[in-house]
file coords.tsv (TSV, C-alpha atoms and all ligand atoms)
chain	number	residue	atom	x	y	z
O	271	MET	CA	0.00	0.00	0.00
O	272	ILE	CA	1.11	3.54	-0.66
O	273	GLU	CA	1.74	5.46	2.57
O	274	ALA	CA	-1.44	7.05	4.01
O	275	ASP	CA	-0.31	10.62	3.39
O	276	GLY	CA	1.13	9.71	-0.02
O	277	PHE	CA	-1.60	11.50	-1.97
O	278	SER	CA	-4.77	13.53	-1.53
O	279	ARG	CA	-8.31	12.07	-1.28
O	280	LEU	CA	-9.25	14.04	-4.39
O	281	GLY	CA	-7.16	13.48	-7.48
O	282	PHE	CA	-7.16	15.39	-10.75
O	283	GLY	CA	-7.24	13.60	-14.10
O	284	VAL	CA	-5.20	15.14	-16.89
O	285	THR	CA	-6.86	13.13	-19.63
O	286	GLY	CA	-9.59	13.40	-22.29
O	287	PRO	CA	-10.36	17.07	-22.91
O	288	HIS	CA	-6.94	17.96	-21.45
O	289	ALA	CA	-5.26	15.96	-24.16
O	290	GLY	CA	-6.37	17.88	-27.22
O	291	LEU	CA	-8.90	20.31	-28.56
O	292	GLY	CA	-11.35	19.86	-25.66
O	293	THR	CA	-9.43	22.33	-23.48
O	294	GLY	CA	-6.69	24.84	-24.29
O	295	ARG	CA	-3.19	24.28	-22.86
O	296	SER	CA	-3.25	27.36	-20.67
O	297	ALA	CA	-6.67	26.38	-19.25
O	298	THR	CA	-5.26	22.96	-18.31
O	299	THR	CA	-2.29	24.64	-16.61
O	300	ARG	CA	-4.58	26.99	-14.68
O	301	LEU	CA	-6.74	24.09	-13.47
O	302	ILE	CA	-3.69	22.08	-12.37
O	303	HIS	CA	-2.40	25.08	-10.39
O	304	GLN	CA	-5.85	25.68	-8.91
O	305	ALA	CA	-6.02	22.02	-7.89
O	306	ILE	CA	-2.66	22.30	-6.10
O	307	ASP	CA	-3.82	25.47	-4.33
O	308	LEU	CA	-6.90	23.52	-3.18
O	309	GLY	CA	-4.76	20.75	-1.68
O	310	VAL	CA	-4.82	18.21	-4.52
O	311	THR	CA	-1.53	16.30	-4.75
O	312	LEU	CA	-2.55	13.31	-6.90
O	313	PHE	CA	-2.45	13.79	-10.68
O	314	ASP	CA	-3.26	11.00	-13.11
O	315	THR	CA	-2.38	10.93	-16.79
O	316	GLY	CA	-1.10	8.50	-19.44
O	317	PRO	CA	0.65	8.24	-22.80
O	318	ALA	CA	-2.53	7.17	-24.61
O	319	TYR	CA	-4.26	10.48	-23.99
O	320	GLY	CA	-3.72	12.70	-27.02
O	321	ARG	CA	-0.55	10.85	-28.11
O	322	GLY	CA	1.35	12.19	-25.13
O	323	GLU	CA	-0.25	15.64	-25.14
O	324	ALA	CA	-1.80	15.13	-21.68
O	325	GLU	CA	1.57	14.12	-20.19
O	326	ASN	CA	3.22	17.09	-21.90
O	327	ARG	CA	0.65	19.44	-20.37
O	328	LEU	CA	1.05	17.99	-16.89
O	329	GLY	CA	4.85	18.14	-17.17
O	330	THR	CA	4.74	21.77	-18.25
O	331	ALA	CA	2.29	22.80	-15.53
O	332	LEU	CA	4.33	21.07	-12.81
O	333	ARG	CA	7.65	22.64	-13.85
O	334	SER	CA	7.23	25.37	-11.25
O	335	VAL	CA	5.96	23.02	-8.51
O	336	PRO	CA	8.35	21.31	-6.05
O	337	ARG	CA	8.48	17.57	-6.81
O	338	ASN	CA	7.63	16.53	-3.28
O	339	LYS	CA	4.37	18.52	-3.41
O	340	VAL	CA	2.74	16.24	-5.98
O	341	PHE	CA	2.17	12.54	-6.63
O	342	VAL	CA	2.22	11.79	-10.35
O	343	ALA	CA	0.62	8.65	-11.76
O	344	THR	CA	0.93	7.62	-15.38
O	345	LYS	CA	0.23	4.46	-17.34
O	346	ALA	CA	1.81	2.03	-19.78
O	347	GLY	CA	0.71	-0.79	-22.06
O	348	VAL	CA	-1.75	1.12	-24.25
O	349	GLN	CA	-0.77	3.83	-26.69
O	350	ALA	CA	-2.86	6.29	-28.68
O	351	GLY	CA	-5.46	4.61	-30.86
O	352	GLY	CA	-5.77	1.72	-28.40
O	353	TYR	CA	-2.56	0.00	-29.62
O	354	ARG	CA	-1.66	-2.49	-26.84
O	355	ASP	CA	1.73	-3.90	-25.91
O	356	PHE	CA	2.43	-5.17	-22.42
O	357	SER	CA	5.79	-6.72	-23.26
O	358	ALA	CA	8.52	-5.69	-20.83
O	359	GLY	CA	10.40	-3.87	-23.61
O	360	ALA	CA	7.37	-1.88	-24.76
O	361	VAL	CA	6.47	-0.91	-21.19
O	362	GLU	CA	10.05	0.27	-20.61
O	363	MET	CA	10.02	2.38	-23.79
O	364	SER	CA	6.66	3.82	-22.83
O	365	LEU	CA	7.90	4.74	-19.34
O	366	ARG	CA	11.04	6.40	-20.71
O	367	ASP	CA	8.94	8.48	-23.13
O	368	SER	CA	6.51	9.40	-20.36
O	369	LEU	CA	9.36	10.60	-18.13
O	370	LYS	CA	10.60	12.88	-20.92
O	371	ARG	CA	7.15	14.36	-21.50
O	372	LEU	CA	6.52	14.74	-17.78
O	373	GLN	CA	9.98	16.33	-17.37
O	374	ARG	CA	10.70	14.11	-14.35
O	375	ASP	CA	13.30	11.52	-13.46
O	376	HIS	CA	10.65	9.29	-11.86
O	377	VAL	CA	6.90	8.83	-11.53
O	378	ASP	CA	5.25	8.09	-8.22
O	379	LEU	CA	2.95	5.42	-9.65
O	380	LEU	CA	3.10	3.48	-12.91
O	381	LEU	CA	-0.19	1.77	-13.72
O	382	LEU	CA	-0.54	-0.97	-16.30
O	383	HIS	CA	-3.45	0.32	-18.41
O	384	GLY	CA	-6.03	-2.45	-18.64
O	385	PRO	CA	-3.87	-5.56	-19.13
O	386	SER	CA	-5.49	-8.97	-19.50
O	387	PRO	CA	-4.62	-11.34	-16.63
O	388	ASP	CA	-2.28	-13.22	-19.00
O	389	GLU	CA	-0.39	-10.04	-19.83
O	390	LEU	CA	0.75	-9.76	-16.20
O	391	THR	CA	3.78	-11.96	-16.92
O	392	ASP	CA	6.70	-12.71	-14.59
O	393	ARG	CA	9.03	-11.03	-17.06
O	394	LEU	CA	6.99	-7.82	-17.02
O	395	ILE	CA	6.77	-7.82	-13.24
O	396	ARG	CA	10.52	-8.33	-12.89
O	397	ARG	CA	11.06	-5.36	-15.23
O	398	LEU	CA	8.68	-3.18	-13.19
O	399	GLN	CA	10.58	-4.11	-10.04
O	400	ALA	CA	13.83	-3.21	-11.79
O	401	PHE	CA	12.42	0.24	-12.67
O	402	ARG	CA	11.61	0.67	-9.01
O	403	ASP	CA	15.10	-0.40	-7.94
O	404	ARG	CA	16.57	2.10	-10.41
O	405	GLY	CA	14.37	4.87	-8.99
O	406	MET	CA	12.37	5.40	-12.20
O	407	ILE	CA	9.09	4.62	-10.41
O	408	ARG	CA	8.12	4.55	-6.75
O	409	HIS	CA	5.02	2.36	-6.92
O	410	ILE	CA	3.35	-0.02	-9.38
O	411	GLY	CA	-0.31	-0.67	-9.99
O	412	VAL	CA	-2.99	-1.91	-12.37
O	413	CYS	CA	-5.83	0.14	-13.86
O	414	GLY	CA	-8.77	-1.99	-14.94
O	415	ARG	CA	-12.28	-3.28	-14.35
O	416	GLY	CA	-12.28	-7.08	-14.28
O	417	ALA	CA	-10.30	-10.27	-13.83
O	418	GLU	CA	-6.99	-8.43	-14.31
O	419	LEU	CA	-7.64	-6.76	-10.94
O	420	ASP	CA	-8.16	-10.16	-9.26
O	421	ARG	CA	-4.88	-11.36	-10.79
O	422	ALA	CA	-3.09	-8.21	-9.61
O	423	ILE	CA	-4.30	-8.78	-6.03
O	424	GLU	CA	-3.32	-12.43	-6.20
O	425	LEU	CA	0.21	-11.69	-7.42
O	426	GLY	CA	0.97	-9.70	-4.27
O	427	VAL	CA	3.49	-7.38	-5.96
O	428	PHE	CA	1.36	-4.34	-6.76
O	429	ASP	CA	0.89	-1.26	-4.58
O	430	ALA	CA	-2.35	0.12	-6.05
O	431	LEU	CA	-5.43	-0.53	-8.16
O	432	MET	CA	-7.29	2.09	-10.18
O	433	ALA	CA	-10.89	1.04	-10.86
O	434	PRO	CA	-14.45	2.36	-11.22
O	435	VAL	CA	-15.97	3.46	-7.91
O	436	HIS	CA	-19.57	4.57	-8.44
O	437	ALA	CA	-22.94	3.53	-7.07
O	438	GLY	CA	-23.51	1.16	-10.01
O	439	ILE	CA	-20.59	-1.18	-9.39
O	440	SER	CA	-21.76	-4.63	-8.39
O	441	VAL	CA	-21.34	-6.24	-4.99
O	442	PRO	CA	-18.58	-8.57	-6.32
O	443	GLU	CA	-16.79	-5.50	-7.73
O	444	GLN	CA	-17.01	-3.78	-4.35
O	445	GLN	CA	-15.82	-6.94	-2.61
O	446	ARG	CA	-12.83	-7.10	-4.96
O	447	LEU	CA	-11.81	-3.58	-3.96
O	448	GLU	CA	-12.28	-4.43	-0.27
O	449	ARG	CA	-10.09	-7.49	-0.82
O	450	ALA	CA	-7.45	-5.32	-2.44
O	451	ARG	CA	-7.40	-3.01	0.57
O	452	THR	CA	-7.15	-5.97	2.94
O	453	ALA	CA	-4.27	-7.32	0.88
O	454	GLY	CA	-2.48	-3.99	1.34
O	455	LEU	CA	-3.15	-2.27	-1.99
O	456	SER	CA	-4.29	1.33	-2.26
O	457	VAL	CA	-7.51	1.84	-4.23
O	458	ILE	CA	-7.93	4.85	-6.50
O	459	GLY	CA	-11.47	5.34	-7.80
O	460	ILE	CA	-12.52	6.60	-11.23
O	461	GLU	CA	-15.88	7.33	-12.93
O	462	ALA	CA	-17.43	8.60	-9.70
O	463	MET	CA	-19.14	11.47	-11.49
O	464	ALA	CA	-19.11	10.48	-15.13
O	465	GLY	CA	-22.52	8.76	-15.07
O	466	ALA	CA	-24.32	11.72	-13.56
O	467	ALA	CA	-22.58	14.36	-15.64
O	468	ARG	CA	-24.59	13.78	-18.77
O	469	PRO	CA	-24.94	16.89	-20.93
O	470	THR	CA	-28.61	17.80	-21.18
O	471	GLY	CA	-28.71	20.90	-23.36
O	472	LEU	CA	-26.50	22.03	-26.19
O	473	PRO	CA	-22.76	21.71	-25.46
O	474	ALA	CA	-21.61	24.96	-23.83
O	475	SER	CA	-17.86	24.46	-24.14
O	476	ARG	CA	-15.22	22.55	-26.08
O	477	GLY	CA	-15.00	20.24	-23.07
O	478	ASP	CA	-18.72	19.49	-23.34
O	479	LEU	CA	-18.25	18.52	-26.99
O	480	TRP	CA	-15.48	16.13	-25.93
O	481	TYR	CA	-17.75	14.51	-23.29
O	482	LEU	CA	-20.54	14.22	-25.86
O	483	ALA	CA	-18.20	12.51	-28.33
O	484	ARG	CA	-17.06	10.09	-25.58
O	485	GLN	CA	-20.67	9.27	-24.74
O	486	VAL	CA	-21.52	8.51	-28.37
O	487	LYS	CA	-18.37	6.38	-28.74
O	488	ARG	CA	-19.26	4.38	-25.61
O	489	ARG	CA	-22.79	3.78	-26.89
O	490	LEU	CA	-21.49	2.62	-30.28
O	491	ARG	CA	-19.06	0.25	-28.56
O	492	ARG	CA	-21.92	-0.91	-26.29
O	493	ASP	CA	-19.76	-0.31	-23.18
O	494	PRO	CA	-21.58	-1.04	-19.92
O	495	PRO	CA	-23.12	2.22	-18.72
O	496	VAL	CA	-21.52	4.20	-15.92
O	497	VAL	CA	-24.41	4.61	-13.49
O	498	ALA	CA	-25.93	8.05	-13.28
O	499	GLY	CA	-26.28	9.31	-9.73
O	500	THR	CA	-28.64	12.11	-8.89
O	501	SER	CA	-25.83	14.58	-9.45
O	502	PRO	CA	-22.07	14.47	-10.08
O	503	VAL	CA	-21.40	15.78	-6.57
O	504	ASP	CA	-23.60	13.00	-5.09
O	505	GLY	CA	-21.55	10.53	-7.10
O	506	LEU	CA	-18.34	11.94	-5.68
O	507	ARG	CA	-19.78	11.91	-2.15
O	508	TRP	CA	-20.77	8.25	-2.54
O	509	ALA	CA	-17.33	7.28	-3.84
O	510	LEU	CA	-15.46	9.13	-1.11
O	511	SER	CA	-17.66	7.53	1.53
O	512	GLN	CA	-16.60	3.99	0.58
O	513	PRO	CA	-14.06	2.72	3.09
O	514	PHE	CA	-12.17	0.93	0.32
O	515	ALA	CA	-11.51	4.10	-1.72
O	516	ASP	CA	-8.28	5.83	-0.72
O	517	SER	CA	-8.74	8.51	-3.33
O	518	VAL	CA	-11.07	9.46	-6.17
O	519	ILE	CA	-9.77	10.97	-9.39
O	520	CYS	CA	-12.01	13.57	-11.00
O	521	LEU	CA	-11.88	15.00	-14.45
O	522	THR	CA	-13.07	18.55	-14.90
O	523	THR	CA	-12.66	21.40	-17.33
O	524	ARG	CA	-14.35	23.99	-15.09
O	525	PRO	CA	-12.70	25.89	-12.21
O	526	ALA	CA	-16.04	26.14	-10.37
O	527	HIS	CA	-16.49	22.35	-10.48
O	528	LEU	CA	-12.96	21.81	-9.21
O	529	ALA	CA	-13.63	24.20	-6.33
O	530	ALA	CA	-16.93	22.43	-5.52
O	531	ASN	CA	-15.26	19.01	-5.54
O	532	ALA	CA	-12.44	20.20	-3.28
O	533	ALA	CA	-14.95	21.85	-0.93
O	534	LEU	CA	-16.86	18.57	-0.66
O	535	VAL	CA	-13.68	16.67	0.22
O	536	ALA	CA	-12.70	19.30	2.79
O	537	ALA	CA	-16.16	19.12	4.43
O	538	LEU	CA	-16.09	15.30	4.52
O	539	GLU	CA	-12.59	15.33	6.03
O	540	ALA	CA	-13.73	17.83	8.65
O	541	GLY	CA	-16.78	15.68	9.46
O	542	GLN	CA	-19.14	18.48	8.44
O	543	PRO	CA	-22.56	17.85	6.87
O	544	THR	CA	-22.29	17.95	3.08
O	545	SER	CA	-25.85	17.99	1.78
O	601	LIG	N1	-13.10	6.68	-17.31
O	601	LIG	C1	-12.09	5.90	-17.63
O	601	LIG	O1	-12.21	4.98	-18.46
O	601	LIG	C2	-10.74	6.10	-16.98
O	601	LIG	C3	-9.73	5.17	-17.20
O	601	LIG	C4	-8.50	5.35	-16.59
O	601	LIG	C5	-8.30	6.43	-15.75
O	601	LIG	N2	-9.30	7.33	-15.55
O	601	LIG	C6	-9.01	8.48	-14.67
O	601	LIG	O2	-10.17	8.92	-14.03
O	601	LIG	C7	-10.33	10.34	-14.23
O	601	LIG	C8	-11.76	10.69	-14.10
O	601	LIG	O3	-12.43	10.46	-15.32
O	601	LIG	P1	-13.82	9.78	-15.44
O	601	LIG	O4	-14.04	9.44	-16.84
O	601	LIG	O5	-13.88	8.70	-14.44
O	601	LIG	O6	-14.82	10.96	-15.10
O	601	LIG	P2	-15.40	11.64	-13.74
O	601	LIG	O7	-14.34	12.43	-13.09
O	601	LIG	O8	-16.14	10.65	-12.94
O	601	LIG	O9	-16.49	12.62	-14.38
O	601	LIG	C9	-16.11	13.65	-15.24
O	601	LIG	C10	-17.39	14.45	-15.54
O	601	LIG	O10	-17.86	15.07	-14.35
O	601	LIG	C11	-18.09	16.46	-14.59
O	601	LIG	N3	-17.88	17.13	-13.32
O	601	LIG	C12	-16.76	17.15	-12.54
O	601	LIG	N4	-16.98	17.83	-11.41
O	601	LIG	C13	-18.28	18.28	-11.46
O	601	LIG	C14	-19.11	19.06	-10.60
O	601	LIG	N5	-18.67	19.52	-9.43
O	601	LIG	N6	-20.38	19.32	-11.00
O	601	LIG	C15	-20.84	18.86	-12.19
O	601	LIG	N7	-20.10	18.13	-13.04
O	601	LIG	C16	-18.84	17.83	-12.69
O	601	LIG	C17	-17.10	16.82	-15.68
O	601	LIG	O11	-17.56	17.93	-16.45
O	601	LIG	P3	-16.87	19.40	-16.36
O	601	LIG	O12	-15.61	19.33	-17.16
O	601	LIG	O13	-17.91	20.26	-16.95
O	601	LIG	O14	-16.61	19.66	-14.90
O	601	LIG	C18	-17.13	15.55	-16.54
O	601	LIG	O15	-18.26	15.58	-17.41
O	601	LIG	C19	-9.69	10.56	-15.59
O	601	LIG	O16	-9.33	11.90	-15.79
O	601	LIG	C20	-8.50	9.65	-15.50
O	601	LIG	O17	-7.47	10.30	-14.78
O	601	LIG	C21	-10.52	7.19	-16.14

call {"tool": "encode", "arguments": {"input": "coords.tsv", "output": "structure tokens"}}
result
Amino acid sequence: MIEADGFSRLGFGVTGPHAGLGTGRSATTRLIHQAIDLGVTLFDTGPAYGRGEAENRLGTALRSVPRNKVFVATKAGVQAGGYRDFSAGAVEMSLRDSLKRLQRDHVDLLLLHGPSPDELTDRLIRRLQAFRDRGMIRHIGVCGRGAELDRAIELGVFDALMAPVHAGISVPEQQRLERARTAGLSVIGIEAMAGAARPTGLPASRGDLWYLARQVKRRLRRDPPVVAGTSPVDGLRWALSQPFADSVICLTTRPAHLAANAALVAALEAGQPTS
């Protein structure tokens, strides 16, 4: 498990609209700095988002921020366009490229991005451990939704799981995350708000257009729906209230939403009523 004060309860996702035309570069930088001012230390990104553009943006925004003030997570195994390669060599190349774009000599967490259970080979795991010994990464984890998470828990070598944490996940999915915590892995939740944040009217921003395009793509692919809560903030409240969730990563393109999310976390941490 990653040390308890290793990262904030609220994380910020530098993905999707922050990886291309959905949000301008300076807007992404402003949001990252606002997040830090609000106490966020956990930032998640990956090479697949915008062919490295998201990592470039995070690296640029964090140039002026002391390294020990943030916890940077990135991914490996899937490149832009969904091209997958979990061989040890490909993961090493991916990590080296990520470090260049992030302008860092190490990342705090390297997540394998949706491997199949069979892709979690001994050779790959030995290479990940070697990266850690060389100081290129501090922690290793798996980002996924199914049997690959069970395999990651079973292997006993990973520090963290990143997985959906919203009111629609099934009891077995919740039990898996509880098992991960018991086995000593940190659990980082995603999709807490995505189901509730469905655009209703006409898109009001470039970010909205990006979300709309994602929704259409998911429908066409017949992905299982992310459950809509009554509101995005209710979704975040639910996720943060689960004892198995160490942190919840949120994606936003709006400063007001970031402020609302941080205010909710602060109120929950202070034991204040939040609704
Ligand atoms: N989803 C995945 O498949 C996946 C996979 C790997 C990693 N992740 C990580 O998880 C992060 C979160 O992404 P997610 O897809 O799970 O989405 P999410 O954070 O659950 O939801 C994002 C949606 O919530 C809206 N939102 C945020 N705060 C709000 C507020 N206070 N009020 C109203 N709406 C609000 C955002 O719109 P606005 O921009 O308008 O605020 C956006 O439409 C990603 O950035 C990434 O780091 C996700």

call {"tool": "residues_around", "arguments": {"input": "coords.tsv", "residues": "O:Lys345", "least_positions_apart": "4", "cutoff": "10 Å", "atoms": "only C-alpha atoms", "output": "PDB file with C-alpha atoms, in the coordinates of the input"}}
result
ATOM      1  CA  ASP O 314      -3.260  11.000 -13.110  1.00  0.00           C
ATOM      2  CA  THR O 315      -2.380  10.930 -16.790  1.00  0.00           C
ATOM      3  CA  GLY O 316      -1.100   8.500 -19.440  1.00  0.00           C
ATOM      4  CA  PRO O 317       0.650   8.240 -22.800  1.00  0.00           C
ATOM      5  CA  ALA O 318      -2.530   7.170 -24.610  1.00  0.00           C
ATOM      6  CA  GLN O 349      -0.770   3.830 -26.690  1.00  0.00           C
ATOM      7  CA  VAL O 361       6.470  -0.910 -21.190  1.00  0.00           C
ATOM      8  CA  SER O 364       6.660   3.820 -22.830  1.00  0.00           C
ATOM      9  CA  LEU O 365       7.900   4.740 -19.340  1.00  0.00           C
ATOM     10  CA  SER O 368       6.510   9.400 -20.360  1.00  0.00           C
ATOM     11  CA  VAL O 377       6.900   8.830 -11.530  1.00  0.00           C
ATOM     12  CA  LEU O 379       2.950   5.420  -9.650  1.00  0.00           C
ATOM     13  CA  LEU O 380       3.100   3.480 -12.910  1.00  0.00           C
ATOM     14  CA  LEU O 381      -0.190   1.770 -13.720  1.00  0.00           C
ATOM     15  CA  LEU O 382      -0.540  -0.970 -16.300  1.00  0.00           C
ATOM     16  CA  HIS O 383      -3.450   0.320 -18.410  1.00  0.00           C
ATOM     17  CA  GLY O 384      -6.030  -2.450 -18.640  1.00  0.00           C
ATOM     18  CA  ILE O 410       3.350  -0.020  -9.380  1.00  0.00           C
ATOM     19  CA  GLY O 411      -0.310  -0.670  -9.990  1.00  0.00           C
ATOM     20  CA  VAL O 412      -2.990  -1.910 -12.370  1.00  0.00           C
ATOM     21  CA  CYS O 413      -5.830   0.140 -13.860  1.00  0.00           C
TER      22      CYS O 413
END

call {"tool": "closest_residue", "arguments": {"input": "coords.tsv", "among": "O:Leu372, O:Ile460, O:Leu431, O:Ala437", "to": "O:Arg337", "atoms": "all atoms listed in the file"}}
result
O:Leu372

call {"tool": "residues_around", "arguments": {"input": "coords.tsv", "residues": "stretch 284-296 of chain O", "least_positions_apart": "4", "cutoff": "10 Å", "atoms": "only C-alpha atoms", "output": "short mmCIF file (atom, residue, chain, number, x, y, z; two decimals) with C-alpha atoms, in the frame of the given file"}}
result
data_model
loop_
_atom_site.label_atom_id
_atom_site.label_comp_id
_atom_site.auth_asym_id
_atom_site.auth_seq_id
_atom_site.Cartn_x
_atom_site.Cartn_y
_atom_site.Cartn_z
CA ARG O 300 -4.58 26.99 -14.68
CA LEU O 301 -6.74 24.09 -13.47
CA ILE O 302 -3.69 22.08 -12.37
CA PHE O 313 -2.45 13.79 -10.68
CA ASP O 314 -3.26 11.00 -13.11
CA THR O 315 -2.38 10.93 -16.79
CA GLY O 316 -1.10 8.50 -19.44
CA PRO O 317 0.65 8.24 -22.80
CA ALA O 318 -2.53 7.17 -24.61
CA TYR O 319 -4.26 10.48 -23.99
CA GLY O 320 -3.72 12.70 -27.02
CA ARG O 321 -0.55 10.85 -28.11
CA GLY O 322 1.35 12.19 -25.13
CA GLU O 323 -0.25 15.64 -25.14
CA ALA O 324 -1.80 15.13 -21.68
CA GLU O 325 1.57 14.12 -20.19
CA ASN O 326 3.22 17.09 -21.90
CA ARG O 327 0.65 19.44 -20.37
CA LEU O 328 1.05 17.99 -16.89
CA THR O 330 4.74 21.77 -18.25
CA ALA O 331 2.29 22.80 -15.53
CA THR O 344 0.93 7.62 -15.38
CA SER O 475 -17.86 24.46 -24.14
CA ARG O 476 -15.22 22.55 -26.08
CA GLY O 477 -15.00 20.24 -23.07
CA ASP O 478 -18.72 19.49 -23.34
CA LEU O 479 -18.25 18.52 -26.99
CA TRP O 480 -15.48 16.13 -25.93
CA TYR O 481 -17.75 14.51 -23.29
CA ARG O 484 -17.06 10.09 -25.58
CA ILE O 519 -9.77 10.97 -9.39
CA CYS O 520 -12.01 13.57 -11.00
CA LEU O 521 -11.88 15.00 -14.45
CA THR O 522 -13.07 18.55 -14.90
CA THR O 523 -12.66 21.40 -17.33
CA ARG O 524 -14.35 23.99 -15.09
#

call {"tool": "closest_residue", "arguments": {"input": "coords.tsv", "among": "O:Ala537, O:Ala430, O:Val503, O:Ile395", "to": "ligand LIG 601 (chain O)", "atoms": "only C-alpha atoms and all ligand atoms"}}
result
O:Val503

call {"tool": "atom_distance", "arguments": {"input": "coords.tsv", "atom1": "atom CA of O:Arg397", "atom2": "atom CA of O:Ala358"}}
result
6.2 Å

call {"tool": "axis_aligned_box", "arguments": {"input": "coords.tsv", "around": "stretch 509-517 of chain O", "padding_each_side": "5 Å", "output": "AutoDock Vina command-line options"}}
result
--center_x -13.0 --center_y 5.0 --center_z -0.4 --size_x 19.4 --size_y 18.2 --size_z 16.9

call {"tool": "residues_around", "arguments": {"input": "coords.tsv", "residues": "O:Met463", "least_positions_apart": "4", "cutoff": "9 Å", "atoms": "all atoms listed in the file", "output": "ChimeraX atom specification"}}
result
/O:436,467,496-499,501-506,509,520-521

call {"tool": "atom_distance", "arguments": {"input": "coords.tsv", "atom1": "atom C19 of ligand LIG 601 (chain O)", "atom2": "atom CA of O:Ala433"}}
result
10.7 Å

call {"tool": "atom_distance", "arguments": {"input": "coords.tsv", "atom1": "atom CA of O:Gly454", "atom2": "atom CA of O:Met271"}}
result
4.9 Å

call {"tool": "residues_near_point", "arguments": {"input": "coords.tsv", "point": "(12.4, 5.4, -11.6)", "cutoff": "9 Å", "atoms": "only C-alpha atoms", "output": "ChimeraX atom specification"}}
result
/O:365,369,375-378,400-408

call {"tool": "closest_residue", "arguments": {"input": "coords.tsv", "among": "O:Pro495, O:Gly309, O:Gly416, O:Gly276", "to": "O:Gln444", "atoms": "all atoms listed in the file"}}
result
O:Gly416

call {"tool": "residues_around", "arguments": {"input": "coords.tsv", "residues": "O:Leu394", "least_positions_apart": "3", "cutoff": "10 Å", "atoms": "all atoms listed in the file", "output": "PyMOL selection string"}}
result
chain O and resi 356-362+389-391+397-400

call {"tool": "decode", "arguments": {"input": "coords.tsv", "residues": "stretch 422-437 of chain O", "atoms": "N, CA and C atoms", "output": "tab-separated table (two decimals), in the first residue's frame"}}
result
chain	number	residue	atom	x	y	z
O	422	ALA	N	-4.05	-9.15	-10.22
O	422	ALA	CA	-3.09	-8.21	-9.61
O	422	ALA	C	-3.07	-8.38	-8.09
O	423	ILE	N	-4.25	-8.60	-7.50
O	423	ILE	CA	-4.30	-8.78	-6.03
O	423	ILE	C	-3.57	-10.08	-5.66
O	424	GLU	N	-3.89	-11.10	-6.45
O	424	GLU	CA	-3.32	-12.43	-6.20
O	424	GLU	C	-1.78	-12.44	-6.28
O	425	LEU	N	-1.24	-11.67	-7.21
O	425	LEU	CA	0.21	-11.69	-7.42
O	425	LEU	C	0.98	-11.11	-6.24
O	426	GLY	N	0.34	-10.22	-5.49
O	426	GLY	CA	0.97	-9.70	-4.27
O	426	GLY	C	2.17	-8.80	-4.51
O	427	VAL	N	2.32	-8.24	-5.71
O	427	VAL	CA	3.49	-7.38	-5.96
O	427	VAL	C	3.08	-5.93	-6.23
O	428	PHE	N	1.79	-5.70	-6.38
O	428	PHE	CA	1.36	-4.34	-6.76
O	428	PHE	C	1.00	-3.51	-5.53
O	429	ASP	N	1.16	-2.19	-5.68
O	429	ASP	CA	0.89	-1.26	-4.58
O	429	ASP	C	-0.50	-0.64	-4.68
O	430	ALA	N	-1.09	-0.61	-5.89
O	430	ALA	CA	-2.35	0.12	-6.05
O	430	ALA	C	-3.18	-0.44	-7.18
O	431	LEU	N	-4.50	-0.26	-7.06
O	431	LEU	CA	-5.43	-0.53	-8.16
O	431	LEU	C	-6.15	0.75	-8.48
O	432	MET	N	-6.42	0.98	-9.76
O	432	MET	CA	-7.29	2.09	-10.18
O	432	MET	C	-8.49	1.44	-10.85
O	433	ALA	N	-9.71	1.76	-10.37
O	433	ALA	CA	-10.89	1.04	-10.86
O	433	ALA	C	-12.14	1.90	-10.66
O	434	PRO	N	-13.22	1.60	-11.41
O	434	PRO	CA	-14.45	2.36	-11.22
O	434	PRO	C	-14.96	2.28	-9.78
O	435	VAL	N	-15.33	3.42	-9.23
O	435	VAL	CA	-15.97	3.46	-7.91
O	435	VAL	C	-17.17	4.40	-8.04
O	436	HIS	N	-18.32	3.80	-8.37
O	436	HIS	CA	-19.57	4.57	-8.44
O	436	HIS	C	-20.69	3.66	-7.98
O	437	ALA	N	-21.85	4.27	-7.73
O	437	ALA	CA	-22.94	3.53	-7.07
O	437	ALA	C	-23.41	2.33	-7.90
